[in-house]
Amino acid sequence: MESQLLIGGHIYSPVAPDATAIAIEDGVVVWVGSDPVGRALHPKAEVINLEGAMVAPAFVDSHVHLTSTGLALRGLDLSGAVSREDCLARLRRYAAEHTDTDLIWGLGWDESTWPDGHPSTSDIDAVVGHRPVYLARIDEHSAVASTALRVRADGVADAFGYDPQGPLTADAHHRVRAAARALLSTTGRNRAQRAALDDAAANGIVAVHENGGPDISGLDDFLALAEIAHDVEIRRYWGAAVSEVDEARALLETTRAHALGGDLFIDGAIGSHTALLREPYDDAHTCGVGYLDAQTVTAHLRACTAAAIQSGFHVIGDGAMDLLVQAFADVAAEVGGPALARLGHRIEHAEMITADQATTLAACGVIASMQPMFDALWGGPGQLYEQRLGPDRGRSLNNFAQLAKAGVGLSFSSDAPVTSMQPWAAIAAAANHNNPTSAISVRAAFAASTRGAWRAGGHRDGVAGTLVPGAPADYAVWEVEELVVAGSADPKVARWSTDPRSRVPALPDLNPGRKLPDCVRTVRAGRTIYDRAAR
């Protein structure tokens with residue numbers, strides 16, 4: 001029996017808020033408490049001195065795209081570009097340094113703050129000549145591409161969302177993205193996937209939920225993730241609609257998916273003007289794009305529920321949310337709310353939602369997989385949300401407090417590569433929301449990144465995502481500047497948290513300007529999968 005005793009630290013555990021030590025045996029937490037008692041109870045254990053570091057439950061990222069994340073980490077990252085010219089200059093440098101690549105895959109550009117607009121196909125051709133280039137916008141719902149890549153995309157010129165020079169959206173984007181994927185080698189794809197998983201482990205993450213589908217990643221990419229050997233657990237969601245029970249079960253078997261949802265697109269994204277809205281965008285004469293109609297959404301939800309398969313949908317705009325909530329209400333009327341709730345159906349993003357809709361979804365046991373960094377990037381005055389939607393609608397997005405109050409389960413994630421897999425940054429963003437009425441406490445945000453994310457992936461044993469006796473020893477060790485118990489701007493919560501009778505374990509101080517915790521070690525089932533000292 002392998003036994004370890006970690007001492008001299010700060011253990012985040014609900015059973016022992018003042019704990020400084022934790023004992024692990026065969027990959028399971030067996031005890032939490034103080035150093036002297038730990039030494040007495042576990043005299044033969046290997047002793048590891050934490051030297052004041054914090055031990056907390058490991059994170060789960062419940063919405064990622066591993067291949068494109070790895071490509072961003074290893075390839076052309078345009079997230080730092082400050083203008084169209086800067087974007088093209090970065091492309092020029094990358095192309096000069098990588099003359100032997102079959103495809104230049106870049107992503108992360110965001111023209112919403114640029115003075116000179118997005119690059120065009122002619123701009124890209126002038127830089128790279130006849131080389132295939134795919135440059136995805138930060139939300140990955142539109143992209144600009146070189147002529148050499150466009151000609152490889154079957155039917156793109158006749159597809160909805162086509163533009164001869166500008167970004168491609170909707171079906172046209174899906175076609176050119178598929179053409180780009182086809183140019184990736186098996187070796188290159190595998191390296192990208194491993195790079196993304198390594199990055200997850202380095203950020204205290206022991207499990208991720210891959211959101212794949214025919215339009216976002218393709219079946220070959222998705223099936224490769226079922227075969228990859230890596231210490232980070234991968235739960236796989238396939239985003240394709242079904243209408244019958246037998247069809248749902250057959251698709252699950254064919255794709256080797258764990259569930260049928262994730263990026264099953266009802267609509268697109270706000271930045272690309274493809275999120276489906278009730279009223280037009282403030283800066284464009286469109287209400288966005290609807291990819292699925294009400295009948296298709298309802299049929300998918302009904303079939304998955306009858307087959308006892310977790311389902312999910314990508315939904316961002318309020319028009320898309322109207323359609324989805326009605327589907328839940330209709331299926332609940334047929335089979336009852338508990339039949340839906342026991343499966344933990346999911347909504348990915350859920351950025352625009354009313355209080356009444358949140359109540360309906362809570363009654364159906366829906367889990368909202370959300371990305372707090374979206375607000376941090378785009379939610380401030382004059383930023384993307386306000387540009388696209390105006391100040392009133394722009395301030396209403398990502399209302400974590402409203403969903404939590406209604407009883408909707410929250411699971412936080414990155415949507416990597418849209419944002420980086422940095423859970424503490426996401427927690428800080430949720431607690432420091434640009435609209436304070438939409439914020440939640442650090443503690444609630446931490447729970448959404450641990451227990452809530454495990455629950456979103458089907459782990460409902462009550463211990464996953466905690467450090468209590470009997471729980472898997474999934475944890476990370478963090479260097480932290482300061483630990484505090486008051487993790488909310490609400491003075492009532494602060495007073496309760498600091499009352500000694502509350503017995504609340506401390507978390508890092510994530511107020512604006514504070515340094516985020518630094519990962520020292522990540523452990524999965526008692527085994528180290530990342531060690532900063534070994535880098």
# chains A, B, ... in the order shown; residues from 1 in each chain; ligands from 1

$ select_by_dssp --residues "stretch 105-190 of chain A" --states "strand (DSSP E)" --output "tab-separated table (two decimals) with N, CA and C atoms, in the first residue's frame"
chain	number	residue	atom	x	y	z
A	105	TRP	N	-1.99	27.40	-39.84
A	105	TRP	CA	-3.22	27.45	-39.05
A	105	TRP	C	-3.01	28.47	-37.94
A	106	GLY	N	-3.73	29.56	-38.00
A	106	GLY	CA	-3.62	30.58	-36.97
A	106	GLY	C	-4.98	30.86	-36.36
A	107	LEU	N	-4.98	31.37	-35.18
A	107	LEU	CA	-6.26	31.72	-34.55
A	107	LEU	C	-6.05	32.74	-33.45
A	108	GLY	N	-7.16	33.39	-33.09
A	108	GLY	CA	-7.14	34.30	-31.97
A	108	GLY	C	-7.31	35.76	-32.32
A	109	TRP	N	-7.41	36.12	-33.62
A	109	TRP	CA	-7.53	37.54	-33.95
A	109	TRP	C	-8.90	38.07	-33.53
A	133	VAL	N	-3.74	28.95	-46.02
A	133	VAL	CA	-3.74	29.63	-44.72
A	133	VAL	C	-5.16	29.70	-44.19
A	134	TYR	N	-5.32	29.30	-42.93
A	134	TYR	CA	-6.60	29.38	-42.23
A	134	TYR	C	-6.38	30.19	-40.95
A	135	LEU	N	-7.07	31.34	-40.84
A	135	LEU	CA	-6.92	32.19	-39.66
A	135	LEU	C	-8.29	32.38	-39.01
A	136	ALA	N	-8.51	31.69	-37.91
A	136	ALA	CA	-9.81	31.73	-37.25
A	136	ALA	C	-9.90	32.93	-36.32
A	137	ARG	N	-11.07	33.55	-36.32
A	137	ARG	CA	-11.35	34.61	-35.35
A	137	ARG	C	-11.32	34.01	-33.95
A	142	SER	N	-15.83	32.19	-37.26
A	142	SER	CA	-15.57	32.76	-38.57
A	142	SER	C	-14.07	32.72	-38.79
A	143	ALA	N	-13.67	32.86	-40.03
A	143	ALA	CA	-12.24	32.80	-40.35
A	143	ALA	C	-11.98	33.47	-41.68
A	144	VAL	N	-10.77	33.99	-41.84
A	144	VAL	CA	-10.29	34.43	-43.15
A	144	VAL	C	-9.34	33.36	-43.66
A	145	ALA	N	-9.29	33.22	-44.98
A	145	ALA	CA	-8.49	32.14	-45.56
A	145	ALA	C	-7.87	32.59	-46.87
A	168	LEU	N	-15.33	34.24	-43.50
A	168	LEU	CA	-16.35	33.27	-43.84
A	168	LEU	C	-17.07	32.86	-42.55
A	169	THR	N	-18.39	32.77	-42.63
A	169	THR	CA	-19.18	32.38	-41.48
A	169	THR	C	-20.06	31.19	-41.85

$ residues_around --residues "stretch 79-90 of chain A" --least-positions-apart "3" --cutoff "12 Å" --atoms "only C-alpha atoms" --output "MDAnalysis selection string"
chainID A and resid 72:73 75:76 93:97 104 106:128 133 135:139 144 377 417:420

$ write_last_selection --atoms "C-alpha atoms" --output "PDB file, in the first residue's frame"
ATOM      1  CA  ALA A  72      -2.544  27.686 -30.915  1.00  0.00           C
ATOM      2  CA  LEU A  73       0.100  26.718 -28.366  1.00  0.00           C
ATOM      3  CA  GLY A  75       1.557  27.530 -33.994  1.00  0.00           C
ATOM      4  CA  LEU A  76       0.415  30.990 -35.012  1.00  0.00           C
ATOM      5  CA  ARG A  93       7.093  36.256 -39.736  1.00  0.00           C
ATOM      6  CA  TYR A  94       5.501  32.875 -39.082  1.00  0.00           C
ATOM      7  CA  ALA A  95       5.414  31.993 -42.777  1.00  0.00           C
ATOM      8  CA  ALA A  96       9.098  32.887 -43.156  1.00  0.00           C
ATOM      9  CA  GLU A  97      10.050  30.716 -40.178  1.00  0.00           C
ATOM     10  CA  ILE A 104      -0.557  27.689 -41.753  1.00  0.00           C
ATOM     11  CA  GLY A 106      -3.621  30.576 -36.968  1.00  0.00           C
ATOM     12  CA  LEU A 107      -6.256  31.723 -34.550  1.00  0.00           C
ATOM     13  CA  GLY A 108      -7.140  34.304 -31.968  1.00  0.00           C
ATOM     14  CA  TRP A 109      -7.534  37.543 -33.949  1.00  0.00           C
ATOM     15  CA  ASP A 110     -10.137  39.964 -32.631  1.00  0.00           C
ATOM     16  CA  GLU A 111     -10.814  42.992 -34.800  1.00  0.00           C
ATOM     17  CA  SER A 112     -13.237  44.580 -32.313  1.00  0.00           C
ATOM     18  CA  THR A 113     -10.423  46.750 -30.915  1.00  0.00           C
ATOM     19  CA  TRP A 114      -8.499  47.257 -34.157  1.00  0.00           C
ATOM     20  CA  PRO A 115      -8.447  50.623 -35.959  1.00  0.00           C
ATOM     21  CA  ASP A 116      -8.125  49.133 -39.445  1.00  0.00           C
ATOM     22  CA  GLY A 117     -10.526  46.151 -39.601  1.00  0.00           C
ATOM     23  CA  HIS A 118      -9.935  42.482 -40.348  1.00  0.00           C
ATOM     24  CA  PRO A 119      -7.535  41.136 -42.991  1.00  0.00           C
ATOM     25  CA  SER A 120      -8.873  40.056 -46.391  1.00  0.00           C
ATOM     26  CA  THR A 121      -8.074  37.126 -48.621  1.00  0.00           C
ATOM     27  CA  SER A 122      -6.054  39.433 -50.880  1.00  0.00           C
ATOM     28  CA  ASP A 123      -4.081  40.656 -47.858  1.00  0.00           C
ATOM     29  CA  ILE A 124      -3.204  37.076 -46.919  1.00  0.00           C
ATOM     30  CA  ASP A 125      -2.338  36.074 -50.474  1.00  0.00           C
ATOM     31  CA  ALA A 126       0.020  39.053 -50.732  1.00  0.00           C
ATOM     32  CA  VAL A 127       1.905  37.722 -47.697  1.00  0.00           C
ATOM     33  CA  VAL A 128       1.992  33.970 -48.351  1.00  0.00           C
ATOM     34  CA  VAL A 133      -3.737  29.634 -44.718  1.00  0.00           C
ATOM     35  CA  LEU A 135      -6.919  32.195 -39.660  1.00  0.00           C
ATOM     36  CA  ALA A 136      -9.805  31.728 -37.246  1.00  0.00           C
ATOM     37  CA  ARG A 137     -11.352  34.606 -35.346  1.00  0.00           C
ATOM     38  CA  ILE A 138     -11.012  34.343 -31.556  1.00  0.00           C
ATOM     39  CA  ASP A 139     -14.497  32.815 -31.180  1.00  0.00           C
ATOM     40  CA  VAL A 144     -10.293  34.430 -43.149  1.00  0.00           C
ATOM     41  CA  LEU A 377     -12.410  40.027 -22.353  1.00  0.00           C
ATOM     42  CA  PRO A 417      -8.380  28.001 -27.430  1.00  0.00           C
ATOM     43  CA  VAL A 418     -10.876  30.887 -27.264  1.00  0.00           C
ATOM     44  CA  THR A 419      -9.451  31.596 -23.806  1.00  0.00           C
ATOM     45  CA  SER A 420      -6.530  29.923 -22.045  1.00  0.00           C
TER      46      SER A 420
END

$ closest_atom_pairs --of "stretch 327-368 of chain A" --to "stretch 271-291 of chain A" --cutoff "12 Å" --atoms "only C-alpha atoms" --output "Markdown table"
| residue | atom | partner | partner_atom | distance |
| --- | --- | --- | --- | --- |
| A:His349 | CA | A:Ala275 | CA | 11.2 |
| A:Ala350 | CA | A:Ala275 | CA | 11.1 |
| A:Glu351 | CA | A:Ala275 | CA | 10.1 |
| A:Met352 | CA | A:Leu277 | CA | 9.3 |
| A:Ile353 | CA | A:Leu277 | CA | 11.4 |

$ write_last_selection --atoms "N, CA and C atoms" --output "mmCIF file, in the first residue's frame"
data_model
loop_
_atom_site.group_PDB
_atom_site.id
_atom_site.type_symbol
_atom_site.label_atom_id
_atom_site.label_comp_id
_atom_site.auth_asym_id
_atom_site.auth_seq_id
_atom_site.Cartn_x
_atom_site.Cartn_y
_atom_site.Cartn_z
ATOM 1 N N HIS A 349 -22.283 27.711 -22.868
ATOM 2 C CA HIS A 349 -22.209 29.183 -22.966
ATOM 3 C C HIS A 349 -23.358 29.886 -22.255
ATOM 4 N N ALA A 350 -24.598 29.735 -22.728
ATOM 5 C CA ALA A 350 -25.764 30.310 -22.034
ATOM 6 C C ALA A 350 -25.555 31.775 -21.656
ATOM 7 N N GLU A 351 -25.106 32.579 -22.603
ATOM 8 C CA GLU A 351 -24.731 33.957 -22.284
ATOM 9 C C GLU A 351 -25.925 34.891 -22.096
ATOM 10 N N MET A 352 -27.017 34.645 -22.811
ATOM 11 C CA MET A 352 -28.173 35.540 -22.738
ATOM 12 C C MET A 352 -29.383 34.733 -22.265
ATOM 13 N N ILE A 353 -29.879 35.052 -21.066
ATOM 14 C CA ILE A 353 -30.943 34.256 -20.481
ATOM 15 C C ILE A 353 -31.735 35.122 -19.502
#

$ residues_around --residues "A:Ala447" --least-positions-apart "3" --cutoff "9 Å" --atoms "only C-alpha atoms" --output "VMD selection string"
chain A and resid 410 to 412 442 to 444 450 to 453 465

$ closest_residue --among "A:Pro214, A:Gly526, A:Gly70, A:Gly382" --to "A:His174" --atoms "only C-alpha atoms"
A:Pro214

$ residues_around --residues "A:Trp31" --least-positions-apart "5" --cutoff "9 Å" --atoms "only C-alpha atoms" --output "list in words"
Ala21, Ile22, Ala23, Ile24, Gly38, Val468, Pro469 and Gly470 of chain A

$ write_last_selection --atoms "N, CA and C atoms" --output "CSV table (one decimal), in the first residue's frame"
chain,number,residue,atom,x,y,z
A,21,ALA,N,-2.6,19.3,6.9
A,21,ALA,CA,-2.0,18.0,6.4
A,21,ALA,C,-3.1,17.2,5.8
A,22,ILE,N,-2.7,16.3,4.9
A,22,ILE,CA,-3.6,15.4,4.2
A,22,ILE,C,-2.9,14.1,4.0
A,23,ALA,N,-3.6,12.9,4.2
A,23,ALA,CA,-3.0,11.6,4.0
A,23,ALA,C,-3.6,11.0,2.8
A,24,ILE,N,-2.8,10.3,1.9
A,24,ILE,CA,-3.2,9.6,0.7
A,24,ILE,C,-2.8,8.2,0.8
A,38,GLY,N,-1.5,13.9,12.1
A,38,GLY,CA,-1.2,13.2,10.9
A,38,GLY,C,0.0,12.3,11.0
A,468,VAL,N,-11.9,15.1,0.7
A,468,VAL,CA,-12.5,14.5,1.9
A,468,VAL,C,-12.2,13.0,2.0
A,469,PRO,N,-12.2,12.3,3.1
A,469,PRO,CA,-11.9,10.9,3.1
A,469,PRO,C,-12.8,10.1,2.2
A,470,GLY,N,-12.2,9.3,1.4
A,470,GLY,CA,-12.9,8.5,0.4
A,470,GLY,C,-12.9,9.1,-1.0

$ residues_around --residues "A:Arg175" --least-positions-apart "4" --cutoff "7 Å" --atoms "only C-alpha atoms" --output "mmCIF file with N, CA and C atoms, in the first residue's frame"
data_model
loop_
_atom_site.group_PDB
_atom_site.id
_atom_site.type_symbol
_atom_site.label_atom_id
_atom_site.label_comp_id
_atom_site.auth_asym_id
_atom_site.auth_seq_id
_atom_site.Cartn_x
_atom_site.Cartn_y
_atom_site.Cartn_z
ATOM 1 N N ALA A 153 -11.875 23.904 -50.586
ATOM 2 C CA ALA A 153 -13.125 23.746 -49.837
ATOM 3 C C ALA A 153 -14.281 23.557 -50.816
ATOM 4 N N ASP A 154 -14.803 22.352 -50.898
ATOM 5 C CA ASP A 154 -15.861 22.035 -51.855
ATOM 6 C C ASP A 154 -17.101 22.894 -51.616
ATOM 7 N N VAL A 156 -17.649 26.007 -51.398
ATOM 8 C CA VAL A 156 -17.613 27.136 -50.470
ATOM 9 C C VAL A 156 -18.222 28.402 -51.078
ATOM 10 N N ASP A 171 -22.032 28.004 -42.862
ATOM 11 C CA ASP A 171 -21.643 26.820 -43.627
ATOM 12 C C ASP A 171 -20.358 27.036 -44.412
ATOM 13 N N ALA A 179 -11.596 21.788 -44.898
ATOM 14 C CA ALA A 179 -10.480 21.709 -45.839
ATOM 15 C C ALA A 179 -9.148 21.910 -45.133
#

$ closest_residue --among "A:Arg527, A:Arg249, A:Arg393, A:Lys515" --to "A:Ala307" --atoms "only C-alpha atoms"
A:Arg249

$ residues_around --residues "A:Thr359" --least-positions-apart "3" --cutoff "8 Å" --atoms "only C-alpha atoms" --output "JSON, numbers by chain"
{"A": [355, 356, 362, 363, 406, 407, 408]}

$ closest_residue --among "A:Cys304, A:Ala58, A:Ala40, A:Val331" --to "A:Glu244" --atoms "only C-alpha atoms"
A:Cys304

$ atom_distance --atom1 "atom CA of A:Gly8" --atom2 "atom CA of A:Gln422"
25.8 Å

$ atom_distance --atom1 "atom CA of A:Asp375" --atom2 "atom CA of A:Gly390"
14.8 Å

$ atom_distance --atom1 "atom CA of A:Arg181" --atom2 "atom CA of A:Leu91"
18.8 Å

$ select_by_dssp --residues "stretch 96-227 of chain A" --states "helix (DSSP H, G or I)" --output "PyMOL selection string"
chain A and resi 96-97+111-113+121-128+147-150+156-158+170-182+186-202+219-227

$ residues_around --residues "A:Asp231" --least-positions-apart "2" --cutoff "12 Å" --atoms "only C-alpha atoms" --output "tab-separated table (two decimals) with N, CA and C atoms, in the first residue's frame"
chain	number	residue	atom	x	y	z
A	194	ARG	N	-1.55	16.51	-27.64
A	194	ARG	CA	-0.70	16.28	-26.45
A	194	ARG	C	-0.25	17.61	-25.85
A	197	LEU	N	-3.11	18.88	-23.75
A	197	LEU	CA	-3.28	18.12	-22.51
A	197	LEU	C	-2.16	18.41	-21.52
A	198	ASP	N	-0.94	18.57	-22.01
A	198	ASP	CA	0.16	18.95	-21.13
A	198	ASP	C	-0.09	20.32	-20.50
A	199	ASP	N	-0.63	21.23	-21.30
A	199	ASP	CA	-0.94	22.57	-20.79
A	199	ASP	C	-2.02	22.50	-19.72
A	200	ALA	N	-2.99	21.64	-19.91
A	200	ALA	CA	-4.04	21.46	-18.89
A	200	ALA	C	-3.42	21.01	-17.58
A	201	ALA	N	-2.58	19.99	-17.62
A	201	ALA	CA	-1.96	19.47	-16.40
A	201	ALA	C	-1.13	20.54	-15.71
A	202	ALA	N	-0.44	21.38	-16.48
A	202	ALA	CA	0.40	22.44	-15.91
A	202	ALA	C	-0.42	23.52	-15.23
A	205	ILE	N	-5.24	21.07	-13.91
A	205	ILE	CA	-6.43	20.44	-14.48
A	205	ILE	C	-6.16	18.95	-14.69
A	206	VAL	N	-7.05	18.09	-14.20
A	206	VAL	CA	-6.85	16.65	-14.36
A	206	VAL	C	-7.88	16.02	-15.30
A	207	ALA	N	-8.87	16.78	-15.75
A	207	ALA	CA	-9.86	16.26	-16.68
A	207	ALA	C	-10.39	17.39	-17.55
A	208	VAL	N	-10.66	17.07	-18.81
A	208	VAL	CA	-11.22	18.04	-19.74
A	208	VAL	C	-12.38	17.40	-20.47
A	228	ILE	N	-5.74	8.32	-27.60
A	228	ILE	CA	-4.54	8.95	-27.08
A	228	ILE	C	-4.29	8.54	-25.63
A	229	ALA	N	-3.05	8.24	-25.31
A	229	ALA	CA	-2.68	7.86	-23.95
A	229	ALA	C	-2.11	9.09	-23.24
A	233	GLU	N	-7.64	13.09	-17.98
A	233	GLU	CA	-8.84	12.39	-18.44
A	233	GLU	C	-9.59	13.23	-19.48
A	234	ILE	N	-10.10	12.57	-20.53
A	234	ILE	CA	-10.85	13.26	-21.58
A	234	ILE	C	-12.26	12.69	-21.64
A	474	ASP	N	-7.26	13.62	-6.34
A	474	ASP	CA	-7.07	14.51	-7.48
A	474	ASP	C	-6.89	15.91	-6.92
A	522	THR	N	0.60	18.86	-10.02
A	522	THR	CA	-0.76	18.37	-10.26
A	522	THR	C	-0.75	16.86	-10.09
A	523	VAL	N	-1.74	16.36	-9.37
A	523	VAL	CA	-1.78	14.94	-9.01
A	523	VAL	C	-3.13	14.36	-9.41
A	524	ARG	N	-3.10	13.23	-10.08
A	524	ARG	CA	-4.30	12.53	-10.50
A	524	ARG	C	-4.32	11.15	-9.84
A	525	ALA	N	-5.32	10.90	-9.01
A	525	ALA	CA	-5.46	9.62	-8.32
A	525	ALA	C	-4.17	9.26	-7.57
A	526	GLY	N	-3.55	10.25	-6.94
A	526	GLY	CA	-2.36	10.02	-6.13
A	526	GLY	C	-1.06	10.02	-6.90
A	527	ARG	N	-1.11	10.13	-8.23
A	527	ARG	CA	0.10	10.08	-9.05
A	527	ARG	C	0.36	11.44	-9.68
A	528	THR	N	1.60	11.92	-9.57
A	528	THR	CA	1.96	13.23	-10.11
A	528	THR	C	1.95	13.20	-11.63
A	529	ILE	N	1.20	14.14	-12.23
A	529	ILE	CA	1.15	14.23	-13.69
A	529	ILE	C	1.78	15.53	-14.19
A	530	TYR	N	2.08	16.43	-13.28
A	530	TYR	CA	2.84	17.65	-13.62
A	530	TYR	C	3.63	18.05	-12.39

$ closest_residue --among "A:Ile316, A:Met54, A:Ala306, A:Leu103" --to "A:Glu334" --atoms "only C-alpha atoms"
A:Ala306

$ decode --residues "stretch 86-111 of chain A" --atoms "N, CA and C atoms" --output "short mmCIF file (atom, residue, chain, number, x, y, z; two decimals), in the first residue's frame"
data_model
loop_
_atom_site.label_atom_id
_atom_site.label_comp_id
_atom_site.auth_asym_id
_atom_site.auth_seq_id
_atom_site.Cartn_x
_atom_site.Cartn_y
_atom_site.Cartn_z
N ASP A 86 -0.67 44.54 -37.87
CA ASP A 86 0.09 43.71 -36.93
C ASP A 86 -0.21 42.24 -37.18
N CYS A 87 -1.47 41.92 -37.42
CA CYS A 87 -1.87 40.54 -37.71
C CYS A 87 -1.12 40.03 -38.94
N LEU A 88 -1.08 40.81 -39.97
CA LEU A 88 -0.39 40.40 -41.20
C LEU A 88 1.12 40.30 -40.99
N ALA A 89 1.67 41.17 -40.18
CA ALA A 89 3.11 41.10 -39.88
C ALA A 89 3.45 39.82 -39.15
N ARG A 90 2.58 39.43 -38.22
CA ARG A 90 2.79 38.17 -37.49
C ARG A 90 2.69 36.98 -38.44
N LEU A 91 1.74 37.03 -39.36
CA LEU A 91 1.62 35.98 -40.37
C LEU A 91 2.88 35.92 -41.23
N ARG A 92 3.39 37.06 -41.63
CA ARG A 92 4.59 37.12 -42.48
C ARG A 92 5.79 36.48 -41.77
N ARG A 93 5.97 36.83 -40.50
CA ARG A 93 7.09 36.26 -39.74
C ARG A 93 6.93 34.74 -39.60
N TYR A 94 5.73 34.31 -39.28
CA TYR A 94 5.50 32.88 -39.08
C TYR A 94 5.74 32.11 -40.38
N ALA A 95 5.24 32.66 -41.49
CA ALA A 95 5.41 31.99 -42.78
C ALA A 95 6.89 31.88 -43.15
N ALA A 96 7.67 32.91 -42.84
CA ALA A 96 9.10 32.89 -43.16
C ALA A 96 9.84 31.87 -42.31
N GLU A 97 9.38 31.65 -41.10
CA GLU A 97 10.05 30.72 -40.18
C GLU A 97 9.59 29.28 -40.36
N HIS A 98 8.46 29.07 -41.07
CA HIS A 98 7.91 27.72 -41.22
C HIS A 98 7.62 27.46 -42.70
N THR A 99 8.69 27.38 -43.47
CA THR A 99 8.54 27.22 -44.91
C THR A 99 8.16 25.80 -45.33
N ASP A 100 8.28 24.84 -44.41
CA ASP A 100 8.05 23.44 -44.78
C ASP A 100 6.67 22.93 -44.36
N THR A 101 5.81 23.79 -43.83
CA THR A 101 4.49 23.34 -43.38
C THR A 101 3.51 23.32 -44.54
N ASP A 102 2.62 22.29 -44.54
CA ASP A 102 1.60 22.17 -45.58
C ASP A 102 0.46 23.16 -45.38
N LEU A 103 0.30 23.63 -44.16
CA LEU A 103 -0.81 24.52 -43.82
C LEU A 103 -0.36 25.48 -42.72
N ILE A 104 -0.73 26.74 -42.85
CA ILE A 104 -0.56 27.69 -41.75
C ILE A 104 -1.92 27.84 -41.07
N TRP A 105 -1.99 27.40 -39.84
CA TRP A 105 -3.22 27.45 -39.05
C TRP A 105 -3.01 28.47 -37.94
N GLY A 106 -3.73 29.56 -38.00
CA GLY A 106 -3.62 30.58 -36.97
C GLY A 106 -4.98 30.86 -36.36
N LEU A 107 -4.98 31.37 -35.18
CA LEU A 107 -6.26 31.72 -34.55
C LEU A 107 -6.05 32.74 -33.45
N GLY A 108 -7.16 33.39 -33.09
CA GLY A 108 -7.14 34.30 -31.97
C GLY A 108 -7.31 35.76 -32.32
N TRP A 109 -7.41 36.12 -33.62
CA TRP A 109 -7.53 37.54 -33.95
C TRP A 109 -8.90 38.07 -33.53
N ASP A 110 -8.90 39.32 -33.09
CA ASP A 110 -10.14 39.96 -32.63
C ASP A 110 -10.10 41.41 -33.10
N GLU A 111 -10.85 41.67 -34.17
CA GLU A 111 -10.81 42.99 -34.80
C GLU A 111 -11.64 44.04 -34.06
#
